[in-house]
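Colleague: The structure under discussion is supplied below as structure tokens; questions concerning it will follow.
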Amino acid sequence: MHEMSIAQSLLEIIRDEMKKHDAKVLRSVRLHIGKLTAIVPESLSFCFEIMTTGTDLEGAKLIMEIIPLVGHCEACHREFEIQDYAFTCPHCGSPDIKTISGEDLSIVEMEVE
Ligand SMILES: [Zn+2]
């Protein structure tokens with residue numbers, strides 16, 4: 001499962017950050033999940049729970065927000081949401097699209113004690 005390895009790398013980042021800030025308890029983690037990552041939030045939260053159960057991070061809440069895939073057309077310079085992975089501009093039909101957001105998974109906030 002794709003989400004299992006993602007949960008694992010998330011936990012590595014979280015532990016690193018907690019060590020840096022000398023935090024002992026993790027309350028919650030807020031994530032921005034780009035639509036293009038194809039992560040299923042339910043699976044990710046399930047994996048996260050499995051991997052934290054019985055550890056010092058048990059009970060931490062995962063708050064997830066899906067970030068739409070937004071593109072910028074290099075031809076007509078308009079921004080739009082990319083639907084169904086159609087990488088062409090809906091305004092002028094140009095395939096010259098740059099994605100602005102929605103490609104990555106990022107931790108935006110961590111609540112620790
Ligand atoms: Zn265009």
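The way I read the labels, and the way they are meant: chains A, B, ... in the order of the structure tokens, residue 1 as the first residue of every chain, and ligand 1 as the first ligand shown, with later ones counted on from there.
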For ligand 1, return the neighbouring residues as a ChimeraX atom specification (distance at most 12 Å; only C-alpha atoms and all ligand atoms).

Modeller: /A:71-80,87-98

Colleague: Using only C-alpha atoms, pick whichever of A:Ile66, A:Leu57, A:Ile14, A:Ile33 has the shortest atom-to-atom distance to Asp104 (chain A).

Modeller: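 Nearest candidate to Asp104 (chain A) out of A:Ile66, A:Leu57, A:Ile14, A:Ile33: A:Ile33.
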
Colleague: So the first atom is CA of Val25 (chain A) and the second is CA of Met110 (chain A); what is the distance between them in Å, to one decimal place?

Modeller: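 About the pair CA of Val25 (chain A) and CA of Met110 (chain A): they are 10.6 Å apart.
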
Colleague: Taking 4 positions as the minimum chain separation for residues in the same chain, which residues sit within 12 Å of Glu17 (chain A) when counting only C-alpha atoms? Answer as JSON, numbers by chain.

Modeller: {"A": [10, 11, 12, 13, 21, 22, 23, 24, 25, 26, 29, 107, 109, 110, 111, 112]}

Colleague: Grab the residues selected above and save them as an mmCIF file, in the first residue's frame with N, CA, C and O atoms.

Modeller:
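Saved result, selection.cif, follows:
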data_model
loop_
_atom_site.group_PDB
_atom_site.id
_atom_site.type_symbol
_atom_site.label_atom_id
_atom_site.label_comp_id
_atom_site.auth_asym_id
_atom_site.auth_seq_id
_atom_site.Cartn_x
_atom_site.Cartn_y
_atom_site.Cartn_z
ATOM 1 N N LEU A 10 6.332 10.312 6.798
ATOM 2 C CA LEU A 10 5.749 11.407 7.584
ATOM 3 C C LEU A 10 6.212 11.307 9.035
ATOM 4 O O LEU A 10 6.615 12.300 9.647
ATOM 5 N N LEU A 11 6.159 10.093 9.562
ATOM 6 C CA LEU A 11 6.542 9.883 10.953
ATOM 7 C C LEU A 11 8.010 10.214 11.188
ATOM 8 O O LEU A 11 8.369 10.739 12.235
ATOM 9 N N GLU A 12 8.842 9.924 10.194
ATOM 10 C CA GLU A 12 10.261 10.271 10.315
ATOM 11 C C GLU A 12 10.435 11.776 10.420
ATOM 12 O O GLU A 12 11.186 12.270 11.259
ATOM 13 N N ILE A 13 9.727 12.495 9.562
ATOM 14 C CA ILE A 13 9.800 13.958 9.579
ATOM 15 C C ILE A 13 9.284 14.489 10.914
ATOM 16 O O ILE A 13 9.888 15.357 11.542
ATOM 17 N N HIS A 21 12.553 20.455 18.470
ATOM 18 C CA HIS A 21 11.840 21.377 19.354
ATOM 19 C C HIS A 21 11.673 20.819 20.755
ATOM 20 O O HIS A 21 10.945 21.384 21.562
ATOM 21 N N ASP A 22 12.327 19.691 21.002
ATOM 22 C CA ASP A 22 12.264 19.075 22.315
ATOM 23 C C ASP A 22 10.818 18.834 22.769
ATOM 24 O O ASP A 22 10.470 19.060 23.922
ATOM 25 N N ALA A 23 10.002 18.393 21.865
ATOM 26 C CA ALA A 23 8.591 18.132 22.170
ATOM 27 C C ALA A 23 8.414 16.679 22.580
ATOM 28 O O ALA A 23 9.082 15.786 22.064
ATOM 29 N N LYS A 24 7.511 16.478 23.521
ATOM 30 C CA LYS A 24 7.297 15.121 24.027
ATOM 31 C C LYS A 24 6.004 14.492 23.522
ATOM 32 O O LYS A 24 5.925 13.292 23.311
ATOM 33 N N VAL A 25 4.984 15.320 23.395
ATOM 34 C CA VAL A 25 3.678 14.786 23.004
ATOM 35 C C VAL A 25 3.224 15.409 21.689
ATOM 36 O O VAL A 25 3.305 16.622 21.500
ATOM 37 N N LEU A 26 2.768 14.554 20.812
ATOM 38 C CA LEU A 26 2.226 15.039 19.550
ATOM 39 C C LEU A 26 0.709 15.037 19.645
ATOM 40 O O LEU A 26 0.089 14.004 19.888
ATOM 41 N N VAL A 29 -1.323 16.759 13.651
ATOM 42 C CA VAL A 29 -0.521 17.143 12.498
ATOM 43 C C VAL A 29 -1.485 17.555 11.402
ATOM 44 O O VAL A 29 -2.451 16.842 11.133
ATOM 45 N N ILE A 107 3.498 18.960 5.376
ATOM 46 C CA ILE A 107 3.053 19.168 6.752
ATOM 47 C C ILE A 107 2.987 20.671 6.947
ATOM 48 O O ILE A 107 3.980 21.364 6.774
ATOM 49 N N GLU A 109 1.368 22.152 9.757
ATOM 50 C CA GLU A 109 1.299 22.523 11.165
ATOM 51 C C GLU A 109 1.403 21.284 12.047
ATOM 52 O O GLU A 109 0.876 20.237 11.705
ATOM 53 N N MET A 110 2.088 21.443 13.157
ATOM 54 C CA MET A 110 2.154 20.372 14.140
ATOM 55 C C MET A 110 1.870 20.950 15.508
ATOM 56 O O MET A 110 2.397 21.986 15.871
ATOM 57 N N GLU A 111 0.967 20.269 16.234
ATOM 58 C CA GLU A 111 0.672 20.726 17.576
ATOM 59 C C GLU A 111 1.353 19.771 18.556
ATOM 60 O O GLU A 111 1.035 18.588 18.600
ATOM 61 N N VAL A 112 2.326 20.295 19.295
ATOM 62 C CA VAL A 112 3.095 19.451 20.223
ATOM 63 C C VAL A 112 3.113 20.049 21.615
ATOM 64 O O VAL A 112 2.699 21.191 21.824
#

Colleague: With only C-alpha atoms as the atoms that count, which of A:Met4, A:Tyr85, A:Glu113, A:Asp16 lies nearest to Ser45 (chain A)?

Modeller: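 Answer, going by the shortest atom-to-atom distance: A:Met4.
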
Colleague: At a cut-off of 7 Å, using only C-alpha atoms, what residues contact Val70 (chain A)? Leave out same-chain residues fewer than 6 positions from it and give the result as a PyMOL selection string.

Modeller: chain A and resi 79-82+99-102

Colleague: Nearest residue to Glu42 (chain A) out of A:Leu105, A:Asp56, A:Ala7, A:Pro68, using only C-alpha atoms?

Modeller: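 Residue with the minimum atom-to-atom distance to Glu42 (chain A): A:Ala7.
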
Colleague: Would you please give, as a VMD selection string, all residues of chain A that DSSP assigns to strand (DSSP E or B) based on the backbone?

Modeller: chain A and resid 26 to 34 61 to 67 70 to 73 79 to 81 97 to 101 105 to 112

Colleague: Apply DSSP to the backbone of this structure and, from region 27-63 of chain A, keep only the residues in helix (DSSP H, G or I); write these as a ChimeraX atom specification.

Modeller: /A:35-37,41-52

Colleague: In Å, rounded to a single decimal, give me how far CA of Ser9 (chain A) is from CA of Lys61 (chain A).

Modeller: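 Rounded to one decimal, the two atoms are 16.5 Å apart.
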
Colleague: Could you name the residues that touch region 62-64 of chain A at 9 Å or less, counting only C-alpha atoms, but leaving out those on the same chain fewer than 2 positions away, as an MDAnalysis selection string?

Modeller: chainID A and resid 27:33 41 44:45 48:49 60 66

Colleague: Tell me, in Å to one decimal, how far CA of Glu103 (chain A) is from CA of Ala38 (chain A).

Modeller: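 Taking CA of Glu103 (chain A) as the start and CA of Ala38 (chain A) as the end point, the length is 9.3 Å.
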